[in-house]
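J.: So here's query.txt, just compact mmCIF, C-alpha atoms (C1' of nucleotides):
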```txt
# COMPACT_ATOMS: atom_id res chain seq x y z
CA MET A 1 1.39 -3.33 5.06
CA PRO A 2 1.34 -6.68 3.80
CA GLU A 3 3.40 -8.62 1.42
CA LEU A 4 3.62 -12.38 1.57
CA PRO A 5 5.74 -12.59 4.75
CA GLU A 6 3.47 -10.23 6.67
CA VAL A 7 0.30 -11.98 5.55
CA GLU A 8 1.80 -15.34 6.48
CA THR A 9 2.74 -13.94 9.89
CA VAL A 10 -0.83 -12.75 10.40
CA ARG A 11 -2.12 -16.14 9.29
CA ARG A 12 0.03 -17.89 11.86
CA GLY A 13 -1.21 -15.53 14.54
CA LEU A 14 -4.87 -15.99 13.66
CA GLU A 15 -4.79 -19.72 13.09
CA PRO A 16 -4.80 -20.75 16.76
CA VAL A 17 -7.84 -18.61 17.49
CA MET A 18 -9.81 -19.04 14.27
CA ALA A 19 -9.23 -22.62 13.19
CA LYS A 20 -12.04 -24.85 14.52
CA ALA A 21 -13.83 -21.80 15.88
CA ARG A 22 -17.42 -20.94 15.01
CA PHE A 23 -18.78 -17.50 14.14
CA LEU A 24 -21.32 -16.72 16.85
CA ARG A 25 -21.94 -13.17 15.66
CA VAL A 26 -20.40 -10.92 13.00
CA GLU A 27 -20.48 -7.13 13.06
CA GLN A 28 -20.11 -5.50 9.65
CA ARG A 29 -19.92 -1.80 10.44
CA ARG A 30 -19.92 -0.29 6.95
CA PRO A 31 -21.13 -1.37 3.51
CA ASP A 32 -17.73 -1.55 1.86
CA LEU A 33 -13.97 -1.51 2.15
CA ARG A 34 -12.36 -0.97 -1.24
CA VAL A 35 -15.28 -2.89 -2.72
CA PRO A 36 -18.67 -3.69 -1.21
CA PHE A 37 -19.00 -6.61 1.17
CA PRO A 38 -20.95 -9.50 -0.37
CA GLU A 39 -24.69 -9.76 0.10
CA ARG A 40 -25.76 -10.88 3.58
CA PHE A 41 -22.10 -11.12 4.59
CA ALA A 42 -22.60 -11.38 8.35
CA GLU A 43 -25.56 -13.69 8.01
CA ARG A 44 -23.67 -16.09 5.76
CA LEU A 45 -20.80 -16.33 8.23
CA THR A 46 -22.86 -16.75 11.35
CA GLY A 47 -22.98 -20.34 12.56
CA ARG A 48 -20.20 -21.46 10.24
CA THR A 49 -17.05 -23.11 11.53
CA VAL A 50 -13.58 -22.33 10.23
CA THR A 51 -12.12 -25.63 9.09
CA ARG A 52 -8.68 -24.19 8.31
CA LEU A 53 -6.95 -20.88 7.83
CA ALA A 54 -4.81 -20.78 4.70
CA ARG A 55 -3.03 -18.21 2.54
CA ARG A 56 -2.77 -17.71 -1.21
CA ALA A 57 -0.57 -14.84 -2.43
CA LYS A 58 -1.47 -11.92 -0.12
CA TYR A 59 -4.93 -13.28 0.62
CA LEU A 60 -5.98 -14.94 3.88
CA LEU A 61 -8.44 -17.79 3.34
CA ALA A 62 -10.75 -19.01 6.07
CA HIS A 63 -12.24 -22.24 4.76
CA LEU A 64 -15.72 -22.65 6.20
CA SER A 65 -18.05 -25.49 6.93
CA GLY A 66 -20.66 -25.49 4.18
CA GLY A 67 -18.27 -25.11 1.26
CA GLU A 68 -17.54 -21.40 1.16
CA VAL A 69 -14.27 -19.58 1.78
CA LEU A 70 -13.95 -16.24 3.53
CA VAL A 71 -11.34 -14.32 1.51
CA MET A 72 -9.54 -11.47 3.27
CA HIS A 73 -6.97 -9.02 1.92
CA LEU A 74 -5.26 -6.45 4.13
CA GLY A 75 -4.65 -3.87 1.40
CA MET A 76 -2.11 -1.31 2.59
CA SER A 77 -3.22 -0.64 6.13
CA GLY A 78 -5.33 -3.58 7.29
CA ARG A 79 -4.63 -5.40 10.55
CA PHE A 80 -6.34 -7.77 12.89
CA SER A 81 -6.49 -7.69 16.64
CA VAL A 82 -7.40 -10.62 18.82
CA ALA A 83 -9.08 -10.33 22.20
CA ARG A 84 -9.31 -13.59 24.07
CA ALA A 85 -11.66 -13.84 26.98
CA GLY A 86 -9.81 -12.71 30.07
CA ARG A 87 -6.64 -11.63 28.26
CA ARG A 88 -5.18 -8.42 26.94
CA PRO A 89 -5.87 -7.67 23.27
CA ARG A 90 -3.17 -8.50 20.80
CA ILE A 91 -2.73 -6.84 17.41
CA LEU A 92 -1.48 -8.74 14.37
CA GLY A 93 0.04 -6.77 11.54
CA GLU A 94 2.51 -3.99 11.33
CA TYR A 95 0.79 -1.52 13.52
CA GLU A 96 1.38 -3.58 16.61
CA TYR A 97 0.66 -0.83 19.05
CA ASP A 98 -2.37 1.06 20.18
CA THR A 99 -3.21 3.38 17.31
CA GLY A 100 -5.43 5.42 19.59
CA ASP A 101 -8.14 5.69 16.98
CA ASN A 102 -10.72 4.45 19.46
CA GLY A 103 -12.00 1.96 17.01
CA ALA A 104 -12.86 4.50 14.31
CA HIS A 105 -11.51 2.15 11.65
CA ASP A 106 -12.69 -1.11 13.18
CA HIS A 107 -14.81 -2.24 10.25
CA VAL A 108 -15.52 -5.89 11.02
CA VAL A 109 -15.73 -7.76 14.32
CA PHE A 110 -15.90 -11.56 14.50
CA HIS A 111 -17.33 -12.91 17.75
CA LEU A 112 -16.12 -16.49 17.89
CA SER A 113 -17.02 -19.50 19.95
CA GLY A 114 -14.90 -19.69 23.09
CA GLY A 115 -15.29 -15.97 23.75
CA THR A 116 -12.60 -14.77 21.35
CA THR A 117 -13.11 -11.57 19.40
CA VAL A 118 -11.21 -10.84 16.16
CA THR A 119 -11.39 -7.24 14.91
CA TYR A 120 -10.41 -6.01 11.46
CA ASN A 121 -9.12 -2.42 11.40
CA ASP A 122 -8.18 -0.64 8.16
CA PRO A 123 -7.81 3.16 8.02
CA ARG A 124 -7.31 3.39 4.27
CA ARG A 125 -9.89 0.74 3.47
CA PHE A 126 -7.83 -0.75 0.67
CA GLY A 127 -8.57 -4.15 2.13
CA LEU A 128 -11.15 -6.65 0.95
CA MET A 129 -13.44 -9.29 2.37
CA THR A 130 -15.57 -11.56 0.26
CA LEU A 131 -17.02 -15.06 0.12
CA VAL A 132 -16.33 -17.53 -2.68
CA ASP A 133 -17.28 -21.12 -3.36
CA GLU A 134 -14.46 -23.42 -2.36
CA ALA A 135 -14.97 -25.70 -5.36
CA THR A 136 -14.57 -22.93 -7.93
CA MET A 137 -12.28 -20.59 -6.04
CA SER A 138 -9.37 -20.87 -8.44
CA GLU A 139 -11.60 -19.58 -11.25
CA SER A 140 -12.93 -16.64 -9.24
CA PRO A 141 -11.80 -13.13 -10.20
CA HIS A 142 -9.26 -12.65 -7.42
CA PHE A 143 -7.51 -15.94 -8.03
CA HIS A 144 -7.85 -16.52 -11.73
CA GLY A 145 -4.54 -15.87 -13.46
CA LEU A 146 -2.59 -15.54 -10.23
CA GLY A 147 0.98 -16.74 -10.57
CA PRO A 148 2.56 -19.52 -8.51
CA GLU A 149 3.50 -19.23 -4.87
CA PRO A 150 7.16 -18.20 -4.76
CA LEU A 151 7.85 -20.73 -2.00
CA GLY A 152 5.99 -23.50 -3.81
CA PRO A 153 7.28 -26.11 -6.26
CA ASP A 154 6.15 -24.32 -9.42
CA PHE A 155 8.30 -21.23 -9.00
CA THR A 156 11.44 -22.30 -10.80
CA VAL A 157 14.18 -20.69 -12.87
CA GLU A 158 12.67 -22.25 -15.98
CA TYR A 159 9.21 -20.92 -15.15
CA LEU A 160 10.50 -17.40 -14.58
CA ALA A 161 12.50 -17.53 -17.80
CA ARG A 162 9.42 -18.58 -19.73
CA MET A 163 7.33 -15.76 -18.25
CA ALA A 164 10.04 -13.20 -19.03
CA GLN A 165 10.09 -14.14 -22.70
CA GLY A 166 9.09 -11.15 -24.81
CA ARG A 167 8.17 -8.93 -21.87
CA ALA A 168 8.84 -5.27 -22.61
CA THR A 169 8.59 -4.10 -19.02
CA ASP A 170 11.40 -3.67 -16.49
CA LEU A 171 12.40 -6.10 -13.76
CA LYS A 172 10.71 -4.15 -10.99
CA ALA A 173 7.28 -4.13 -12.62
CA PHE A 174 7.70 -7.71 -13.80
CA LEU A 175 8.27 -9.04 -10.29
CA LEU A 176 5.47 -6.92 -8.82
CA ASP A 177 3.04 -8.45 -11.32
CA GLN A 178 1.01 -10.97 -9.32
CA ARG A 179 0.34 -12.99 -12.48
CA VAL A 180 4.06 -13.69 -12.72
CA VAL A 181 4.62 -14.63 -9.09
CA ALA A 182 2.11 -14.18 -6.31
CA GLY A 183 3.01 -12.44 -3.08
CA LEU A 184 5.94 -10.14 -3.79
CA GLY A 185 5.44 -6.43 -3.15
CA ASN A 186 7.49 -3.28 -3.24
CA ILE A 187 9.80 -4.06 -0.33
CA TYR A 188 10.74 -7.62 -1.16
CA VAL A 189 11.21 -6.91 -4.85
CA CYS A 190 13.69 -4.17 -3.95
CA GLU A 191 15.48 -6.43 -1.49
CA ALA A 192 15.60 -9.43 -3.82
CA LEU A 193 16.96 -7.39 -6.73
CA PHE A 194 19.65 -6.00 -4.43
CA ARG A 195 20.69 -9.47 -3.33
CA ALA A 196 20.78 -10.65 -6.92
CA GLY A 197 22.84 -7.63 -7.97
CA LEU A 198 20.27 -6.75 -10.65
CA SER A 199 19.10 -3.26 -11.55
CA PRO A 200 15.34 -2.76 -11.21
CA ASN A 201 15.50 -0.77 -14.45
CA ARG A 202 16.89 -3.63 -16.49
CA ALA A 203 14.52 -5.18 -19.03
CA ALA A 204 12.65 -8.24 -17.78
CA THR A 205 13.76 -10.11 -20.87
CA CYS A 206 17.21 -10.43 -19.31
CA LEU A 207 15.69 -13.39 -17.45
CA ALA A 208 14.44 -15.14 -20.58
CA LEU A 209 16.06 -18.27 -21.95
CA LYS A 210 19.16 -17.69 -24.10
CA SER A 211 19.89 -20.44 -26.61
CA GLY A 212 17.33 -22.53 -24.77
CA ARG A 213 19.07 -22.17 -21.41
CA PRO A 214 18.34 -20.02 -18.36
CA THR A 215 20.64 -17.06 -17.87
CA ASP A 216 22.91 -16.60 -14.88
CA ARG A 217 20.75 -13.68 -13.86
CA ALA A 218 17.64 -15.84 -13.63
CA ARG A 219 19.61 -18.48 -11.75
CA ARG A 220 20.72 -15.87 -9.23
CA LEU A 221 17.34 -14.26 -8.82
CA VAL A 222 15.13 -17.21 -7.96
CA PRO A 223 17.11 -18.39 -4.91
CA VAL A 224 17.41 -14.89 -3.43
CA ILE A 225 13.65 -14.38 -3.75
CA LEU A 226 13.15 -17.57 -1.75
CA ALA A 227 15.78 -16.56 0.78
CA VAL A 228 14.48 -13.07 1.42
CA LEU A 229 10.91 -14.31 1.85
CA GLU A 230 11.92 -17.15 4.14
CA GLU A 231 14.09 -14.88 6.26
CA ALA A 232 11.31 -12.33 6.50
CA ILE A 233 8.77 -14.96 7.54
CA GLY A 234 11.26 -16.22 10.10
CA ALA A 235 11.56 -12.69 11.47
CA GLY A 236 7.78 -12.31 11.68
CA GLY A 237 7.62 -9.94 8.70
CA SER A 238 8.49 -6.26 8.58
CA THR A 239 7.13 -3.42 10.65
CA LEU A 240 7.57 0.00 9.09
CA ARG A 241 6.38 2.27 11.84
CA ASP A 242 8.02 3.00 15.13
CA TYR A 243 6.51 1.16 18.01
CA ARG A 244 7.30 -0.24 21.40
CA GLN A 245 5.76 -3.35 22.71
CA ALA A 246 6.77 -5.52 25.58
CA ASP A 247 5.74 -8.91 24.34
CA GLY A 248 7.92 -8.79 21.25
CA ALA A 249 5.23 -10.31 19.06
CA THR A 250 5.95 -8.16 16.03
CA GLY A 251 8.16 -8.60 13.01
CA ASP A 252 11.59 -7.06 12.84
CA PHE A 253 12.79 -7.83 9.33
CA GLN A 254 12.82 -4.09 8.61
CA GLU A 255 16.08 -3.97 10.58
CA ARG A 256 17.62 -6.18 7.92
CA PHE A 257 16.56 -4.15 4.90
CA ALA A 258 19.60 -3.59 2.70
CA VAL A 259 18.06 -0.94 0.47
CA TYR A 260 14.38 -0.32 1.21
CA GLY A 261 13.96 3.06 2.91
CA ARG A 262 17.74 3.59 2.97
CA GLU A 263 18.13 6.38 0.43
CA GLY A 264 21.51 8.08 0.78
CA GLU A 265 23.07 5.37 2.92
CA PRO A 266 26.19 3.49 1.87
CA CYS A 267 25.60 0.26 0.01
CA ALA A 268 25.58 -2.75 2.34
CA ARG A 269 27.41 -5.02 -0.09
CA PRO A 270 30.92 -5.72 1.16
CA GLY A 271 33.44 -3.89 -0.98
CA CYS A 272 30.88 -1.75 -2.80
CA ARG A 273 31.38 2.01 -2.43
CA GLY A 274 27.95 2.87 -3.85
CA ILE A 275 25.10 4.82 -2.28
CA VAL A 276 21.49 3.66 -2.12
CA ARG A 277 19.37 5.69 -4.51
CA ARG A 278 15.62 6.24 -4.54
CA SER A 279 13.74 6.50 -7.80
CA VAL A 280 10.13 6.20 -8.87
CA GLN A 281 8.88 3.40 -11.10
CA ALA A 282 5.21 3.05 -11.91
CA GLY A 283 4.48 5.66 -9.28
CA ARG A 284 6.18 3.73 -6.49
CA SER A 285 9.50 4.11 -4.75
CA THR A 286 12.37 1.93 -5.84
CA PHE A 287 15.56 1.67 -3.80
CA HIS A 288 18.73 0.30 -5.30
CA CYS A 289 22.49 0.67 -5.50
CA GLY A 290 23.47 1.96 -8.92
CA THR A 291 27.02 0.71 -8.44
CA CYS A 292 26.59 -3.00 -7.76
CA GLN A 293 23.11 -3.60 -9.18
CA ARG A 294 23.61 -3.78 -12.92
C1' DA B 1 -3.26 -7.06 -25.62
C1' DA B 2 0.64 -5.63 -22.91
C1' DG B 3 1.91 -1.93 -20.32
C1' DA B 4 1.39 2.39 -18.12
C1' DA B 5 -1.57 5.69 -15.78
C1' DC B 6 -5.13 6.49 -12.72
C1' DT B 7 -8.04 5.43 -8.82
C1' DC B 8 -9.75 4.12 -4.28
C1' DC B 9 -8.82 6.24 1.19
C1' DT B 10 -6.80 8.17 5.51
C1' DG B 11 -2.82 9.23 8.21
C1' DT B 12 1.91 10.72 8.80
C1' DT B 13 5.89 13.29 7.71
C1' DG B 14 8.94 16.75 6.15
C1' DG B 15 9.74 21.23 4.24
C1' DC B 16 8.67 25.96 4.33
C1' DT C 1 3.21 26.54 15.39
C1' DG C 2 0.57 25.79 11.07
C1' DC C 3 -0.11 24.52 6.39
C1' DC C 4 0.40 21.72 2.49
C1' DA C 5 2.46 18.60 -0.63
C1' DA C 6 4.39 14.21 -0.91
C1' DC C 7 4.18 9.68 0.35
C1' DA C 8 2.70 4.98 2.32
C1' DG C 9 3.71 -2.35 2.23
C1' DG C 10 -1.96 -3.06 -3.15
C1' DA C 11 -4.45 -4.01 -7.05
C1' DG C 12 -8.62 -3.34 -10.04
C1' DT C 13 -10.03 -0.39 -13.89
C1' DT C 14 -9.28 2.45 -17.72
C1' DC C 15 -6.53 4.50 -21.07
C1' DT C 16 -3.14 3.93 -25.02
```
For this file, produce the structure as structure tokens.
T.:
Amino acid sequence: MPELPEVETVRRGLEPVMAKARFLRVEQRRPDLRVPFPERFAERLTGRTVTRLARRAKYLLAHLSGGEVLVMHLGMSGRFSVARAGRRPRILGEYEYDTGDNGAHDHVVFHLSGGTTVTYNDPRRFGLMTLVDEATMSESPHFHGLGPEPLGPDFTVEYLARMAQGRATDLKAFLLDQRVVAGLGNIYVCEALFRAGLSPNRAATCLALKSGRPTDRARRLVPVILAVLEEAIGAGGSTLRDYRQADGATGDFQERFAVYGREGEPCARPGCRGIVRRSVQAGRSTFHCGTCQR
DNA sequence: AAGAACTCCTGTTGGC
DNA sequence: TGCCAACAGGAGTTCT
């Protein structure tokens, strides 16, 4: 599911129930997700209080009393549901409807102070939960070498130009590389490249400095990355599956996709007569208009 | 050592 | 209808 806007949406949904809450009991129902849970995972959480719920790249970070951080990644299919005492359960993530799996993929359950229950469900188990020391977190394997937050102050045209210098790969793979910029995924790379009018097949070096100055392409790209992420966060992220839900709590940015999942449709750019094409790069679908993305 | 290929896992979808 | 291949929003590991 989750690229930066979806993870941020989940963070905002979990924050009111998790921040300041204490873990009364933790159910870890299997030994691993994509990787094993850490030693004594449930035991180390129990009794701890969440001091704040943050996000870095596509990771959710529950900072804990006692100096550790609970790191959570949703992989492709992870989602959380929240059951408050006396209220109907609410699911956070793209699958915001009853999956009818009867809890078969409910792998972790947090029983929090105040009677709230937070359940992590992940059919494909590409997700991740681990514990790291807060003081050394930035050096830990998952965070070491991670690029800047695209919505933070360090993600600039000059930065991107410097990173693109001498890169032999194409624009699609370059922007998906979390060491370049942290949080973009397949959907938002496709959408940003469309908005910038850049072909995903173009060499990443087209963004590098020319005669010591950033190119027009790099100048176009950075603002549209910010815009597409901010719009998606504002829309509550994207939801790829069909669903119906009365309370309207889910994201609807998928209705604003210009290219993603729109193979064969006319290009959305005013005046362009092109058709959205699907191709495969690095084993993953790319959608783009071959007419106006050059 | 960058870059591409392969891998983990289950569920859904589309074509025959 | 059933069957099966292709595909799905990620990223760590292993190759070249």
J.: Using only C-alpha atoms (C1' of nucleotides), which residues sit within 12 Å of C:DC7 once same-chain residues fewer than 3 positions away are excluded, as a list in words?
T.: Val280, Gly283, Arg284 and Ser285 of chain A; DG11, DT12, DT13 and DG14 of chain B
J.: So that I can see what lies close to stretch 56-64 of chain A, please list as a VMD selection string the residues with an atom at most 6 Å from it, counting only C-alpha atoms (C1' of nucleotides) and leaving out residues fewer than 3 positions away in the same chain.
T.: chain A and resid 4 7 49 to 53 68 to 73 182 to 183
J.: For the residues selected in the previous step, produce a file with C-alpha atoms as a CSV table (one decimal), in the frame of the given file.
T.:
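The resulting file, selection.csv, is reproduced below:
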```csv
chain,number,residue,atom,x,y,z
A,4,LEU,CA,3.6,-12.4,1.6
A,7,VAL,CA,0.3,-12.0,5.6
A,49,THR,CA,-17.0,-23.1,11.5
A,50,VAL,CA,-13.6,-22.3,10.2
A,51,THR,CA,-12.1,-25.6,9.1
A,52,ARG,CA,-8.7,-24.2,8.3
A,53,LEU,CA,-7.0,-20.9,7.8
A,68,GLU,CA,-17.5,-21.4,1.2
A,69,VAL,CA,-14.3,-19.6,1.8
A,70,LEU,CA,-14.0,-16.2,3.5
A,71,VAL,CA,-11.3,-14.3,1.5
A,72,MET,CA,-9.5,-11.5,3.3
A,73,HIS,CA,-7.0,-9.0,1.9
A,182,ALA,CA,2.1,-14.2,-6.3
A,183,GLY,CA,3.0,-12.4,-3.1
```
J.: When distances are computed from only C-alpha atoms (C1' of nucleotides), which of A:Leu33, A:Ala168, A:Leu176, A:Leu151 shows the smallest separation from chain C?
T.: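 Nearest candidate to chain C out of A:Leu33, A:Ala168, A:Leu176, A:Leu151: A:Leu176.
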J.: Quick one: of A:Tyr188, A:Phe155, A:Phe287, A:Phe253, who's nearest to A:Ser238, counting only C-alpha atoms?
T.: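 The answer is A:Phe253, which sits nearest to A:Ser238.
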J.: In Å, rounded to a single decimal, give me how far atom CA of A:Val189 is from atom CA of A:Ala173.
T.: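 That distance, rounded to one decimal, is 9.1 Å.
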J.: Residues of chain B within 10 Å of chain A, using all atoms listed in the file, as a ChimeraX atom specification?
T.: /B:2-5,8-11
J.: Mind dumping a table of every chain C residue within 10 Å of chain A, with the nearest atom pair and its distance in Å to one decimal, using all atoms listed in the file, sorted by chain and rising number, as a tab-separated table?
T.:
```
residue	atom	partner	partner_atom	distance
C:DC7	C1'	A:Ser285	CA	9.2
C:DA8	C1'	A:Met76	CA	7.9
C:DG9	C1'	A:Met1	CA	3.8
C:DG10	C1'	A:Gly75	CA	5.3
C:DA11	C1'	A:Gly75	CA	8.5
C:DG12	C1'	A:His142	CA	9.7
```
J.: What does the distance between atom CA of A:Ile233 and atom CA of A:Ile275 come to in Å, to one decimal place?
T.: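 Value for the atom CA of A:Ile233-atom CA of A:Ile275 distance: 27.5 Å.
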J.: Which residues, written as a list in words, have at least one atom at most 8 Å from A:Lys172, with only C-alpha atoms (C1' of nucleotides) counted and residues fewer than 3 positions away on the same chain left out?
T.: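 The residues satisfying every condition are Leu175, Leu176, Val189, Cys190, Pro200, Asn201 and Gln281 of chain A.
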J.: Just need stretch 188-230 of chain A in a file, please: C-alpha atoms, as a PDB file, in the first residue's frame.
T.:
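Done, and the output landed in part.pdb:
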```
ATOM      1  CA  TYR A 188       4.009   8.980  -6.919  1.00  0.00           C
ATOM      2  CA  VAL A 189       7.105   8.639  -9.081  1.00  0.00           C
ATOM      3  CA  CYS A 190       4.853   7.981 -12.076  1.00  0.00           C
ATOM      4  CA  GLU A 191       2.612  10.905 -11.198  1.00  0.00           C
ATOM      5  CA  ALA A 192       5.461  13.319 -10.520  1.00  0.00           C
ATOM      6  CA  LEU A 193       7.237  12.475 -13.779  1.00  0.00           C
ATOM      7  CA  PHE A 194       3.982  13.043 -15.642  1.00  0.00           C
ATOM      8  CA  ARG A 195       3.504  16.448 -14.060  1.00  0.00           C
ATOM      9  CA  ALA A 196       7.081  17.381 -14.858  1.00  0.00           C
ATOM     10  CA  GLY A 197       6.697  16.219 -18.462  1.00  0.00           C
ATOM     11  CA  LEU A 198       9.707  13.913 -18.091  1.00  0.00           C
ATOM     12  CA  SER A 199      10.034  10.419 -19.511  1.00  0.00           C
ATOM     13  CA  PRO A 200      10.711   7.742 -16.885  1.00  0.00           C
ATOM     14  CA  ASN A 201      13.162   6.208 -19.356  1.00  0.00           C
ATOM     15  CA  ARG A 202      15.337   9.281 -19.581  1.00  0.00           C
ATOM     16  CA  ALA A 203      18.764   9.035 -17.962  1.00  0.00           C
ATOM     17  CA  ALA A 204      18.919  10.354 -14.402  1.00  0.00           C
ATOM     18  CA  THR A 205      21.908  12.462 -15.374  1.00  0.00           C
ATOM     19  CA  CYS A 206      19.524  14.834 -17.135  1.00  0.00           C
ATOM     20  CA  LEU A 207      18.982  16.295 -13.656  1.00  0.00           C
ATOM     21  CA  ALA A 208      22.681  16.877 -12.973  1.00  0.00           C
ATOM     22  CA  LEU A 209      24.233  20.325 -12.964  1.00  0.00           C
ATOM     23  CA  LYS A 210      25.145  21.708 -16.397  1.00  0.00           C
ATOM     24  CA  SER A 211      27.922  24.293 -16.378  1.00  0.00           C
ATOM     25  CA  GLY A 212      27.500  24.436 -12.620  1.00  0.00           C
ATOM     26  CA  ARG A 213      23.803  25.259 -12.805  1.00  0.00           C
ATOM     27  CA  PRO A 214      20.670  23.162 -12.283  1.00  0.00           C
ATOM     28  CA  THR A 215      18.804  22.206 -15.427  1.00  0.00           C
ATOM     29  CA  ASP A 216      15.259  23.274 -16.200  1.00  0.00           C
ATOM     30  CA  ARG A 217      14.243  19.659 -15.839  1.00  0.00           C
ATOM     31  CA  ALA A 218      15.490  19.491 -12.257  1.00  0.00           C
ATOM     32  CA  ARG A 219      13.818  22.812 -11.518  1.00  0.00           C
ATOM     33  CA  ARG A 220      10.522  21.459 -12.817  1.00  0.00           C
ATOM     34  CA  LEU A 221      10.752  18.132 -11.061  1.00  0.00           C
ATOM     35  CA  VAL A 222      11.344  19.153  -7.456  1.00  0.00           C
ATOM     36  CA  PRO A 223       8.229  21.342  -7.083  1.00  0.00           C
ATOM     37  CA  VAL A 224       5.914  18.769  -8.675  1.00  0.00           C
ATOM     38  CA  ILE A 225       7.199  16.077  -6.309  1.00  0.00           C
ATOM     39  CA  LEU A 226       6.291  18.336  -3.397  1.00  0.00           C
ATOM     40  CA  ALA A 227       2.929  19.171  -4.922  1.00  0.00           C
ATOM     41  CA  VAL A 228       1.859  15.623  -5.653  1.00  0.00           C
ATOM     42  CA  LEU A 229       2.836  14.444  -2.165  1.00  0.00           C
ATOM     43  CA  GLU A 230       1.125  17.356  -0.453  1.00  0.00           C
TER      44      GLU A 230
END
```
